[in-house]
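Asks: Next comes run.json, JSON, C-alpha atoms:
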```json
[["chain", "number", "residue", "atom", "x", "y", "z"],
["A", 1075, "MET", "CA", 235.36, 179.44, -123.04],
["A", 1076, "ASN", "CA", 231.77, 178.50, -123.90],
["A", 1077, "GLU", "CA", 230.45, 180.75, -121.14],
["A", 1078, "ASP", "CA", 227.31, 182.91, -121.12],
["A", 1079, "ILE", "CA", 228.60, 186.50, -121.44],
["A", 1080, "SER", "CA", 225.91, 187.69, -119.01],
["A", 1081, "LYS", "CA", 227.64, 185.61, -116.35],
["A", 1082, "LEU", "CA", 231.00, 187.23, -116.95],
["A", 1083, "PRO", "CA", 230.97, 190.73, -115.47],
["A", 1084, "PHE", "CA", 234.16, 192.77, -115.68],
["A", 1085, "SER", "CA", 235.33, 191.67, -112.23],
["A", 1086, "ILE", "CA", 235.19, 187.99, -113.24],
["A", 1087, "LEU", "CA", 236.39, 188.50, -116.81],
["A", 1088, "THR", "CA", 239.57, 190.14, -115.53],
["A", 1089, "SER", "CA", 240.20, 187.63, -112.73],
["A", 1090, "LYS", "CA", 243.19, 185.30, -112.40],
["A", 1091, "GLU", "CA", 240.87, 182.33, -112.80],
["A", 1092, "ILE", "CA", 239.76, 183.46, -116.26],
["A", 1093, "LYS", "CA", 243.36, 184.26, -117.22],
["A", 1094, "LYS", "CA", 244.30, 180.71, -116.27],
["A", 1095, "LYS", "CA", 241.49, 179.31, -118.43],
["A", 1096, "LEU", "CA", 242.41, 181.48, -121.41],
["A", 1097, "GLY", "CA", 246.15, 180.96, -121.21],
["A", 1098, "ASP", "CA", 248.44, 183.41, -122.97],
["A", 1099, "LEU", "CA", 246.82, 185.42, -125.77],
["A", 1100, "THR", "CA", 247.89, 188.30, -127.96],
["A", 1101, "PHE", "CA", 245.35, 190.73, -129.41],
["A", 1102, "ILE", "CA", 246.32, 192.67, -132.52],
["A", 1103, "THR", "CA", 244.70, 195.60, -134.31],
["A", 1104, "ALA", "CA", 245.32, 198.60, -136.53],
["A", 1105, "THR", "CA", 244.13, 202.02, -135.43],
["A", 1106, "ASP", "CA", 244.26, 205.77, -135.86],
["A", 1107, "GLY", "CA", 244.09, 206.08, -132.07],
["A", 1108, "ASN", "CA", 240.92, 205.49, -130.07],
["A", 1109, "HIS", "CA", 240.13, 201.90, -131.07],
["A", 1110, "GLY", "CA", 243.70, 200.72, -130.51],
["A", 1111, "ARG", "CA", 243.83, 202.35, -127.11],
["A", 1112, "GLY", "CA", 240.65, 200.51, -126.17],
["A", 1113, "VAL", "CA", 242.06, 197.17, -127.32],
["A", 1114, "ALA", "CA", 245.29, 197.79, -125.41],
["A", 1115, "TRP", "CA", 243.37, 198.80, -122.26],
["A", 1116, "MET", "CA", 241.25, 195.66, -122.35],
["A", 1117, "ALA", "CA", 244.22, 193.39, -123.04],
["A", 1118, "LYS", "CA", 246.01, 194.88, -120.06],
["A", 1119, "HIS", "CA", 243.04, 194.20, -117.77],
["A", 1120, "LEU", "CA", 242.77, 190.66, -119.14],
["A", 1121, "GLN", "CA", 246.48, 190.26, -118.30],
["A", 1122, "GLN", "CA", 247.21, 189.58, -121.95],
["A", 1123, "LYS", "CA", 249.44, 191.13, -124.62],
["A", 1124, "SER", "CA", 248.48, 193.48, -127.42],
["A", 1125, "VAL", "CA", 250.10, 194.63, -130.65],
["A", 1126, "VAL", "CA", 248.88, 197.81, -132.32],
["A", 1127, "TYR", "CA", 249.83, 199.17, -135.75],
["A", 1128, "MET", "CA", 249.13, 202.81, -136.60],
["A", 1129, "PRO", "CA", 249.11, 204.40, -140.07],
["A", 1130, "LYS", "CA", 251.79, 206.81, -141.20],
["A", 1131, "GLY", "CA", 251.41, 210.33, -139.93],
["A", 1132, "SER", "CA", 249.74, 209.24, -136.69],
["A", 1133, "SER", "CA", 250.13, 211.51, -133.67],
["A", 1134, "GLN", "CA", 253.01, 210.71, -131.32],
["A", 1135, "MET", "CA", 250.74, 211.61, -128.42],
["A", 1136, "ARG", "CA", 248.16, 209.03, -129.50],
["A", 1137, "LEU", "CA", 250.93, 206.46, -129.95],
["A", 1138, "LYS", "CA", 252.23, 207.10, -126.44],
["A", 1139, "ALA", "CA", 248.71, 206.81, -124.98],
["A", 1140, "ILE", "CA", 248.43, 203.33, -126.49],
["A", 1141, "GLN", "CA", 251.91, 202.35, -125.35],
["A", 1142, "ASP", "CA", 251.05, 203.55, -121.85],
["A", 1143, "GLU", "CA", 248.29, 200.93, -121.81],
["A", 1144, "GLY", "CA", 250.95, 198.26, -122.24],
["A", 1145, "ALA", "CA", 250.71, 197.64, -125.97],
["A", 1146, "ASN", "CA", 253.55, 196.95, -128.35],
["A", 1147, "ALA", "CA", 252.49, 199.85, -130.55],
["A", 1148, "SER", "CA", 254.22, 201.41, -133.53],
["A", 1149, "ILE", "CA", 253.59, 203.81, -136.41],
["A", 1150, "THR", "CA", 253.96, 202.15, -139.79],
["A", 1151, "ASP", "CA", 254.69, 203.68, -143.19],
["A", 1152, "LEU", "CA", 251.30, 202.43, -144.44],
["A", 1153, "ASN", "CA", 247.87, 204.02, -144.77],
["A", 1154, "TYR", "CA", 245.10, 202.80, -142.45],
["A", 1155, "ASP", "CA", 243.69, 200.08, -144.71],
["A", 1156, "ASP", "CA", 247.12, 198.63, -145.45],
["A", 1157, "ALA", "CA", 247.92, 198.70, -141.72],
["A", 1158, "VAL", "CA", 244.75, 196.63, -141.17],
["A", 1159, "ARG", "CA", 245.98, 194.13, -143.75],
["A", 1160, "LEU", "CA", 249.38, 193.96, -142.05],
["A", 1161, "ALA", "CA", 247.73, 193.31, -138.68],
["A", 1162, "ASN", "CA", 245.59, 190.57, -140.18],
["A", 1163, "GLU", "CA", 248.65, 188.92, -141.76],
["A", 1164, "LYS", "CA", 250.47, 188.98, -138.42],
["A", 1165, "ALA", "CA", 247.44, 187.54, -136.66],
["A", 1166, "LYS", "CA", 247.39, 184.59, -139.06],
["A", 1167, "GLU", "CA", 251.17, 184.05, -138.88],
["A", 1168, "ASN", "CA", 251.32, 184.08, -135.08],
["A", 1169, "ASN", "CA", 247.89, 182.72, -134.15],
["A", 1170, "TRP", "CA", 247.01, 186.05, -132.55],
["A", 1171, "ILE", "CA", 243.46, 187.38, -132.19],
["A", 1172, "MET", "CA", 242.51, 190.11, -134.66],
["A", 1173, "VAL", "CA", 240.26, 192.71, -133.01],
["A", 1174, "GLN", "CA", 239.32, 195.12, -135.78],
["A", 1175, "ASP", "CA", 236.41, 197.54, -136.00],
["A", 1176, "THR", "CA", 235.97, 197.05, -139.73],
["A", 1177, "ALA", "CA", 234.61, 194.02, -141.55],
["A", 1178, "TRP", "CA", 235.33, 192.21, -144.79],
["A", 1179, "LYS", "CA", 234.24, 188.91, -146.30],
["A", 1180, "GLY", "CA", 235.16, 186.17, -143.84],
["A", 1181, "TYR", "CA", 235.77, 188.56, -140.94],
["A", 1182, "GLU", "CA", 232.50, 189.87, -139.55],
["A", 1183, "LYS", "CA", 231.75, 188.48, -136.08],
["A", 1184, "ILE", "CA", 234.11, 190.69, -134.03],
["A", 1185, "PRO", "CA", 233.36, 193.90, -136.01],
["A", 1186, "LEU", "CA", 229.65, 193.26, -135.44],
["A", 1187, "TRP", "CA", 230.26, 192.94, -131.68],
["A", 1188, "ILE", "CA", 232.16, 196.23, -131.75],
["A", 1189, "MET", "CA", 229.31, 197.93, -133.61],
["A", 1190, "GLN", "CA", 226.87, 196.60, -131.03],
["A", 1191, "GLY", "CA", 229.07, 198.19, -128.38],
["A", 1192, "TYR", "CA", 229.03, 201.50, -130.25],
["A", 1193, "SER", "CA", 225.22, 201.41, -130.29],
["A", 1194, "THR", "CA", 225.14, 201.96, -126.52],
["A", 1195, "ILE", "CA", 226.14, 205.56, -127.26],
["A", 1196, "MET", "CA", 222.94, 206.20, -129.19],
["A", 1197, "SER", "CA", 220.91, 204.20, -126.69],
["A", 1198, "GLU", "CA", 222.07, 206.47, -123.85],
["A", 1199, "ILE", "CA", 221.52, 209.62, -125.94],
["A", 1200, "ILE", "CA", 217.94, 208.62, -126.75],
["A", 1201, "GLU", "CA", 217.32, 207.80, -123.10],
["A", 1202, "GLU", "CA", 218.42, 211.32, -122.12],
["A", 1203, "LEU", "CA", 216.40, 212.97, -124.90],
["A", 1204, "GLU", "CA", 213.25, 211.10, -123.90],
["A", 1205, "LYS", "CA", 213.54, 212.48, -120.37],
["A", 1206, "ASN", "CA", 212.98, 215.91, -121.93],
["A", 1207, "LYS", "CA", 210.42, 214.57, -124.40],
["A", 1208, "GLU", "CA", 212.75, 215.37, -127.29],
["A", 1209, "LYS", "CA", 213.41, 213.47, -130.50],
["A", 1210, "PRO", "CA", 216.12, 214.26, -133.04],
["A", 1211, "THR", "CA", 214.91, 215.25, -136.49],
["A", 1212, "HIS", "CA", 218.39, 215.27, -138.04],
["A", 1213, "VAL", "CA", 221.56, 213.41, -137.05],
["A", 1214, "PHE", "CA", 225.02, 214.22, -138.40],
["A", 1215, "LEU", "CA", 227.27, 211.15, -138.15],
["A", 1216, "GLN", "CA", 231.01, 211.06, -138.83],
["A", 1217, "ALA", "CA", 232.37, 208.06, -140.71],
["A", 1218, "GLY", "CA", 235.70, 206.40, -141.34],
["A", 1219, "VAL", "CA", 235.04, 202.80, -142.35],
["A", 1220, "GLY", "CA", 231.48, 203.47, -141.19],
["A", 1221, "SER", "CA", 231.30, 201.20, -138.12],
["A", 1222, "PHE", "CA", 230.26, 203.99, -135.72],
["A", 1223, "ALA", "CA", 227.86, 205.60, -138.21],
["A", 1224, "GLY", "CA", 226.36, 202.22, -139.12],
["A", 1225, "ALA", "CA", 225.79, 201.32, -135.49],
["A", 1226, "MET", "CA", 224.10, 204.67, -134.81],
["A", 1227, "GLN", "CA", 221.96, 204.36, -137.94],
["A", 1228, "ALA", "CA", 220.90, 200.80, -137.11],
["A", 1229, "LEU", "CA", 219.66, 201.76, -133.65],
["A", 1230, "LEU", "CA", 217.90, 204.89, -134.89],
["A", 1231, "THR", "CA", 216.08, 202.79, -137.48],
["A", 1232, "GLU", "CA", 215.24, 200.08, -134.95],
["A", 1233, "ILE", "CA", 213.80, 202.53, -132.42],
["A", 1234, "TYR", "CA", 212.07, 205.08, -134.65],
["A", 1235, "ASP", "CA", 211.29, 202.92, -137.69],
["A", 1236, "SER", "CA", 209.43, 205.01, -140.30],
["A", 1237, "GLU", "CA", 209.76, 208.11, -138.09],
["A", 1238, "LYS", "CA", 213.54, 207.87, -137.93],
["A", 1239, "PRO", "CA", 215.45, 211.15, -138.22],
["A", 1240, "ILE", "CA", 217.20, 212.28, -141.38],
["A", 1241, "THR", "CA", 220.82, 211.14, -141.17],
["A", 1242, "ILE", "CA", 223.78, 212.85, -142.81],
["A", 1243, "ILE", "CA", 227.12, 211.00, -143.04],
["A", 1244, "CYS", "CA", 230.20, 213.25, -142.80],
["A", 1245, "GLU", "CA", 233.67, 212.33, -144.06],
["A", 1246, "PRO", "CA", 236.92, 214.12, -144.92],
["A", 1247, "HIS", "CA", 237.70, 214.90, -148.56],
["A", 1248, "GLY", "CA", 240.86, 212.79, -148.35],
["A", 1249, "ALA", "CA", 239.10, 209.62, -147.21],
["A", 1250, "ASN", "CA", 235.51, 209.86, -148.42],
["A", 1251, "CYS", "CA", 234.76, 206.21, -149.26],
["A", 1252, "ILE", "CA", 231.14, 206.33, -148.01],
["A", 1253, "TYR", "CA", 230.48, 209.54, -149.95],
["A", 1254, "LYS", "CA", 231.96, 208.03, -153.12],
["A", 1255, "SER", "CA", 229.90, 204.88, -152.60],
["A", 1256, "PHE", "CA", 226.73, 206.99, -152.28],
["A", 1257, "LYS", "CA", 227.69, 208.98, -155.35],
["A", 1258, "ALA", "CA", 228.31, 205.86, -157.45],
["A", 1259, "ASP", "CA", 224.73, 204.83, -156.65],
["A", 1260, "ASP", "CA", 225.23, 201.23, -157.73],
["A", 1261, "GLY", "CA", 224.66, 199.65, -154.31],
["A", 1262, "ASN", "CA", 228.31, 198.66, -153.88],
["A", 1263, "PRO", "CA", 231.01, 200.01, -151.58],
["A", 1264, "HIS", "CA", 233.78, 201.97, -153.30],
["A", 1265, "ASN", "CA", 237.29, 202.36, -151.93],
["A", 1266, "VAL", "CA", 239.58, 205.38, -151.71],
["A", 1267, "THR", "CA", 243.31, 204.75, -152.01],
["A", 1268, "GLY", "CA", 246.48, 206.75, -151.44],
["A", 1269, "ASP", "CA", 247.70, 208.56, -148.35],
["A", 1270, "LEU", "CA", 244.19, 209.45, -147.07],
["A", 1271, "LYS", "CA", 245.43, 212.84, -145.88],
["A", 1272, "THR", "CA", 243.23, 214.69, -143.40],
["A", 1273, "ILE", "CA", 243.43, 216.15, -139.90],
["A", 1274, "MET", "CA", 240.49, 213.85, -139.05],
["A", 1275, "ALA", "CA", 242.80, 210.93, -138.24],
["A", 1276, "GLY", "CA", 240.00, 208.76, -136.85],
["A", 1277, "LEU", "CA", 238.16, 209.03, -140.16],
["A", 1278, "ALA", "CA", 241.18, 208.49, -142.43],
["A", 1279, "CYS", "CA", 239.95, 205.16, -143.79],
["A", 1280, "GLY", "CA", 239.53, 204.26, -147.44],
["A", 1281, "GLU", "CA", 237.54, 201.02, -147.42],
["A", 1282, "PRO", "CA", 233.98, 200.77, -146.06],
["A", 1283, "ASN", "CA", 233.06, 198.18, -143.43],
["A", 1284, "THR", "CA", 231.03, 195.62, -145.40],
["A", 1285, "ILE", "CA", 228.43, 195.30, -142.62],
["A", 1286, "SER", "CA", 227.90, 198.99, -141.96],
["A", 1287, "TRP", "CA", 227.92, 199.92, -145.65],
["A", 1288, "LYS", "CA", 224.71, 197.97, -146.20],
["A", 1289, "ILE", "CA", 223.07, 199.75, -143.25],
["A", 1290, "LEU", "CA", 224.15, 203.20, -144.41],
["A", 1291, "ARG", "CA", 223.23, 202.46, -148.02],
["A", 1292, "ASP", "CA", 219.73, 201.32, -147.13],
["A", 1293, "TYR", "CA", 218.80, 203.72, -144.32],
["A", 1294, "SER", "CA", 220.95, 206.89, -144.34],
["A", 1295, "ASN", "CA", 219.80, 209.89, -146.34],
["A", 1296, "PHE", "CA", 222.84, 211.96, -147.32],
["A", 1297, "ALA", "CA", 226.64, 211.75, -147.42],
["A", 1298, "LEU", "CA", 228.89, 214.81, -147.26],
["A", 1299, "SER", "CA", 232.55, 215.12, -148.17],
["A", 1300, "CYS", "CA", 234.10, 217.77, -145.93],
["A", 1301, "ASP", "CA", 237.18, 219.95, -146.09],
["A", 1302, "ASP", "CA", 239.42, 219.84, -143.03],
["A", 1303, "SER", "CA", 238.47, 223.46, -142.31],
["A", 1304, "ILE", "CA", 234.91, 222.28, -141.56],
["A", 1305, "SER", "CA", 236.15, 220.02, -138.78],
["A", 1306, "ALA", "CA", 238.40, 222.81, -137.47],
["A", 1307, "LYS", "CA", 235.42, 225.17, -137.45],
["A", 1308, "GLY", "CA", 233.45, 222.64, -135.41],
["A", 1309, "MET", "CA", 236.31, 222.34, -132.90],
["A", 1310, "ARG", "CA", 236.44, 226.13, -132.43],
["A", 1311, "ILE", "CA", 232.66, 226.47, -132.12],
["A", 1312, "LEU", "CA", 232.45, 223.77, -129.44],
["A", 1313, "SER", "CA", 235.40, 225.31, -127.60],
["A", 1314, "SER", "CA", 233.80, 228.80, -127.61],
["A", 1315, "PRO", "CA", 230.10, 228.31, -126.80],
["A", 1316, "LEU", "CA", 227.45, 231.03, -126.76],
["A", 1317, "ASP", "CA", 225.45, 232.16, -123.76],
["A", 1318, "LYS", "CA", 225.09, 229.37, -121.17],
["A", 1319, "ASP", "CA", 226.13, 226.49, -123.41],
["A", 1320, "LYS", "CA", 228.87, 224.34, -121.92],
["A", 1321, "ARG", "CA", 232.31, 224.24, -123.47],
["A", 1322, "ILE", "CA", 233.11, 220.96, -125.25],
["A", 1323, "ILE", "CA", 236.67, 219.94, -126.02],
["A", 1324, "SER", "CA", 236.30, 217.95, -129.22],
["A", 1325, "GLY", "CA", 238.99, 216.50, -131.44],
["A", 1326, "GLU", "CA", 239.13, 216.65, -135.20],
["A", 1327, "SER", "CA", 237.13, 213.51, -135.90],
["A", 1328, "GLY", "CA", 234.50, 214.36, -133.31],
["A", 1329, "ALA", "CA", 233.74, 217.90, -134.46],
["A", 1330, "VAL", "CA", 233.07, 217.47, -138.20],
["A", 1331, "GLY", "CA", 229.33, 216.94, -137.68],
["A", 1332, "ILE", "CA", 228.69, 220.25, -135.92],
["A", 1333, "GLY", "CA", 231.13, 221.92, -138.32],
["A", 1334, "ALA", "CA", 229.17, 220.61, -141.31],
["A", 1335, "PHE", "CA", 225.83, 221.69, -139.86],
["A", 1336, "ILE", "CA", 227.01, 225.24, -139.07],
["A", 1337, "THR", "CA", 228.66, 225.54, -142.48],
["A", 1338, "LEU", "CA", 225.41, 224.57, -144.19],
["A", 1339, "CYS", "CA", 223.47, 227.05, -142.03],
["A", 1340, "GLU", "CA", 225.83, 229.87, -142.90],
["A", 1341, "ASN", "CA", 225.87, 229.07, -146.63],
["A", 1342, "LYS", "CA", 222.24, 228.24, -147.40],
["A", 1343, "ASN", "CA", 222.34, 230.05, -150.72],
["A", 1344, "ASN", "CA", 225.29, 227.96, -151.88],
["A", 1345, "TYR", "CA", 223.52, 224.72, -150.97],
["A", 1346, "LYS", "CA", 219.91, 225.59, -151.82],
["A", 1347, "ASP", "CA", 219.01, 222.18, -153.22],
["A", 1348, "LEU", "CA", 220.53, 220.24, -150.31],
["A", 1349, "TRP", "CA", 219.09, 222.64, -147.74],
["A", 1350, "GLN", "CA", 215.62, 222.20, -149.20],
["A", 1351, "LYS", "CA", 215.94, 218.41, -149.14],
["A", 1352, "LEU", "CA", 217.20, 218.45, -145.54],
["A", 1353, "ASN", "CA", 214.08, 220.40, -144.52],
["A", 1354, "ILE", "CA", 215.77, 221.96, -141.49],
["A", 1355, "ASN", "CA", 213.63, 224.62, -139.84],
["A", 1356, "ASP", "CA", 213.08, 226.34, -136.48],
["A", 1357, "GLU", "CA", 211.40, 223.22, -135.11],
["A", 1358, "SER", "CA", 214.26, 220.90, -136.01],
["A", 1359, "CYS", "CA", 216.27, 219.08, -133.35],
["A", 1360, "ILE", "CA", 219.84, 218.55, -134.59],
["A", 1361, "LEU", "CA", 222.00, 215.84, -133.05],
["A", 1362, "CYS", "CA", 225.79, 215.76, -133.43],
["A", 1363, "ILE", "CA", 228.01, 213.38, -131.47],
["A", 1364, "SER", "CA", 231.58, 214.19, -130.46],
["A", 1365, "THR", "CA", 233.52, 210.94, -130.30],
["A", 1366, "GLU", "CA", 236.87, 212.21, -129.03],
["A", 1367, "GLY", "CA", 238.50, 214.90, -126.95],
["A", 1368, "ASP", "CA", 241.91, 216.48, -127.45],
["A", 1369, "THR", "CA", 243.74, 213.17, -127.81],
["A", 1370, "ASP", "CA", 246.35, 215.07, -129.84],
["A", 1371, "LYS", "CA", 246.81, 218.15, -127.66],
["A", 1372, "ASP", "CA", 249.31, 219.82, -129.99],
["A", 1373, "GLY", "CA", 246.98, 219.43, -132.95],
["A", 1374, "TYR", "CA", 244.05, 220.67, -130.89],
["A", 1375, "ARG", "CA", 245.90, 223.82, -129.81],
["A", 1376, "ASN", "CA", 247.05, 224.49, -133.36],
["A", 1377, "VAL", "CA", 243.44, 224.48, -134.53],
["A", 1378, "VAL", "CA", 241.71, 226.21, -131.61],
["A", 1379, "TRP", "CA", 244.46, 228.61, -130.46],
["A", 1380, "ASN", "CA", 246.53, 229.19, -133.57],
["A", 1381, "GLY", "CA", 243.80, 229.12, -136.20],
["A", 1382, "HIS", "CA", 245.16, 226.33, -138.37],
["A", 1383, "TYR", "CA", 242.75, 225.26, -141.13],
["A", 1384, "GLU", "CA", 240.92, 228.58, -141.07],
["A", 1385, "ASN", "CA", 237.31, 228.80, -142.14],
["A", 1386, "ASN", "CA", 236.76, 228.86, -145.91]]
```
What's the structure tokens form of this structure?
Replies:
Amino acid sequence: MNEDISKLPFSILTSKEIKKKLGDLTFITATDGNHGRGVAWMAKHLQQKSVVYMPKGSSQMRLKAIQDEGANASITDLNYDDAVRLANEKAKENNWIMVQDTAWKGYEKIPLWIMQGYSTIMSEIIEELEKNKEKPTHVFLQAGVGSFAGAMQALLTEIYDSEKPITIICEPHGANCIYKSFKADDGNPHNVTGDLKTIMAGLACGEPNTISWKILRDYSNFALSCDDSISAKGMRILSSPLDKDKRIISGESGAVGIGAFITLCENKNNYKDLWQKLNINDESCILCISTEGDTDKDGYRNVVWNGHYENN
């Protein structure tokens, strides 16, 4: 459209006039849930079509939520990364617009925009912390392809520079591509293949975002590979707060950070070397970010009510 985005507020962007200028478009993406729902929601408001592919094993509740936004959504028999490839093939075949939150060589502009959008989360958090004259000393960030974690890390580095907090990247054992890339220590991203099994559906990704990997590689401090029970523990802790803390309903992918932190606290002797390097003490300010609620209510109840994935 060759328009200045600052002159296109939501009310104008979703108007009939803009629809007429754009014509008929179809947006396509692959998702474990949240991203695809967002794409479908925006397509609906733009009066356009959307197609969403989900990896095998995806929640029926998350599928229905995307379909309820008007998308042609379906669960494939592929893992996440192969579902992304399928979506990209369909985009090329049909001249559709690929809106994916991971990047690869030749496809980086839209993922970068999405990461910039993610960064508003950290911007708002820092704004709230500064009101209370607080600054995080440690940040636990969950990662799938690493887009969210990379966006958070980039803003933390931009704002705090040399005084940036220590950042710890958390992933599931079954899809720990960032962890394996850190462990390889050769500067390159390393993929994880197979079924990518984990209850942390939003993090079940085996190939790092090429943009965010460079940010995490250069500026993050640690990467943890976490058992599903760690995420489940985080969900139960947030659901059953102590004293006057507010209850937080957090889904599997959102709770792994707090689960990892509490697990480390409770098992200091088992992680002496890591604990010493983290330098967490009574003066530390720990930041964890829950990125989803109970978008799979059955799964949430099984963990929080029925004790699935009990603490190790």
Asks: Grab the CA of Ala1334 in chain A to CA of Thr1241 in chain A distance for me, in Å with one decimal place.
Replies: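 These atoms are spaced 12.6 Å apart.
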Asks: What does the structure give for the distance between CA of Leu1215 in chain A and CA of Thr1103 in chain A, in Å to one decimal?
Replies: 23.7 Å
Asks: Expressed in Å to a single decimal, how great is the separation between CA of Ala1228 in chain A and CA of Ile1304 in chain A?
Replies: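 Taking CA of Ala1228 in chain A and CA of Ile1304 in chain A, their separation equals 26.0 Å.
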Asks: Anything within 8 Å of (227.9, 210.0, -144.0): list those residues as a ChimeraX atom specification, counting all atoms listed in the file and sticking to the file's coordinates.
Replies: /A:1214-1217,1220,1223,1241-1245,1252-1253,1290,1294,1296-1298
Asks: Tell me which of A:Pro1185, A:Gly1107, A:Pro1083, A:Gly1112 sits closest to Ile1149 in chain A, counting all atoms listed in the file.
Replies: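 Of A:Pro1185, A:Gly1107, A:Pro1083, A:Gly1112, the one nearest Ile1149 in chain A, counting all atoms listed in the file, is A:Gly1107.
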Asks: Quick one: of A:Gly1276, A:Gly1367, A:Gly1333, A:Pro1210, who's nearest to Arg1321 in chain A, counting only C-alpha atoms?
Replies: A:Gly1367
Asks: (238.9, 208.5, -146.1) in this file's frame - what residues fall within 8 Å of it? Use all atoms listed in the file and give the answer as a PyMOL selection string.
Replies: chain A and resi 1218-1219+1245-1251+1266+1270-1271+1277-1281
Asks: Write a file of the selected residues as a PDB file, in the coordinates of the input, keeping C-alpha atoms.
Replies:
```pdb
ATOM      1  CA  GLY A1218     235.700 206.400-141.340  1.00  0.00           C
ATOM      2  CA  VAL A1219     235.040 202.800-142.350  1.00  0.00           C
ATOM      3  CA  GLU A1245     233.670 212.330-144.060  1.00  0.00           C
ATOM      4  CA  PRO A1246     236.920 214.120-144.920  1.00  0.00           C
ATOM      5  CA  HIS A1247     237.700 214.900-148.560  1.00  0.00           C
ATOM      6  CA  GLY A1248     240.860 212.790-148.350  1.00  0.00           C
ATOM      7  CA  ALA A1249     239.100 209.620-147.210  1.00  0.00           C
ATOM      8  CA  ASN A1250     235.510 209.860-148.420  1.00  0.00           C
ATOM      9  CA  CYS A1251     234.760 206.210-149.260  1.00  0.00           C
ATOM     10  CA  VAL A1266     239.580 205.380-151.710  1.00  0.00           C
ATOM     11  CA  LEU A1270     244.190 209.450-147.070  1.00  0.00           C
ATOM     12  CA  LYS A1271     245.430 212.840-145.880  1.00  0.00           C
ATOM     13  CA  LEU A1277     238.160 209.030-140.160  1.00  0.00           C
ATOM     14  CA  ALA A1278     241.180 208.490-142.430  1.00  0.00           C
ATOM     15  CA  CYS A1279     239.950 205.160-143.790  1.00  0.00           C
ATOM     16  CA  GLY A1280     239.530 204.260-147.440  1.00  0.00           C
ATOM     17  CA  GLU A1281     237.540 201.020-147.420  1.00  0.00           C
TER      18      GLU A1281
END
```
Asks: Restricting the calculation to only C-alpha atoms: of A:Tyr1345, A:Tyr1127, A:Phe1222, A:Trp1379, which residue gets closest to Ile1363 in chain A?
Replies: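 Among A:Tyr1345, A:Tyr1127, A:Phe1222, A:Trp1379, it is A:Phe1222 that comes nearest to Ile1363 in chain A.
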Asks: Counting all atoms listed in the file, which residue out of A:Asp1301, A:Asp1259, A:Glu1201, A:Asp1370 sits closest to Leu1137 in chain A?
Replies: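 Between A:Asp1301, A:Asp1259, A:Glu1201, A:Asp1370, the residue approaching Leu1137 in chain A most closely is A:Asp1370.
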Asks: For Asn1153 in chain A, which residue among A:Asp1269, A:Asp1098, A:Asp1372, A:Glu1340 is the nearest when counting all atoms listed in the file?
Replies: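 Going through A:Asp1269, A:Asp1098, A:Asp1372, A:Glu1340 one by one, the smallest distance to Asn1153 in chain A is for A:Asp1269.
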Asks: Near Thr1284 in chain A, counting only C-alpha atoms, which residues have an atom at most 9 Å away, once you skip same-chain residues fewer than 6 positions from it, shown as a ChimeraX atom specification?
Replies: /A:1176-1179,1182,1219-1220,1263
Asks: With all atoms listed in the file as the basis for distance, which of A:Ala1114, A:Leu1229, A:Ala1147, A:Cys1362 is at the shortest distance from Tyr1192 in chain A?
Replies: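 Using all atoms listed in the file, Tyr1192 in chain A sits closest to A:Leu1229.
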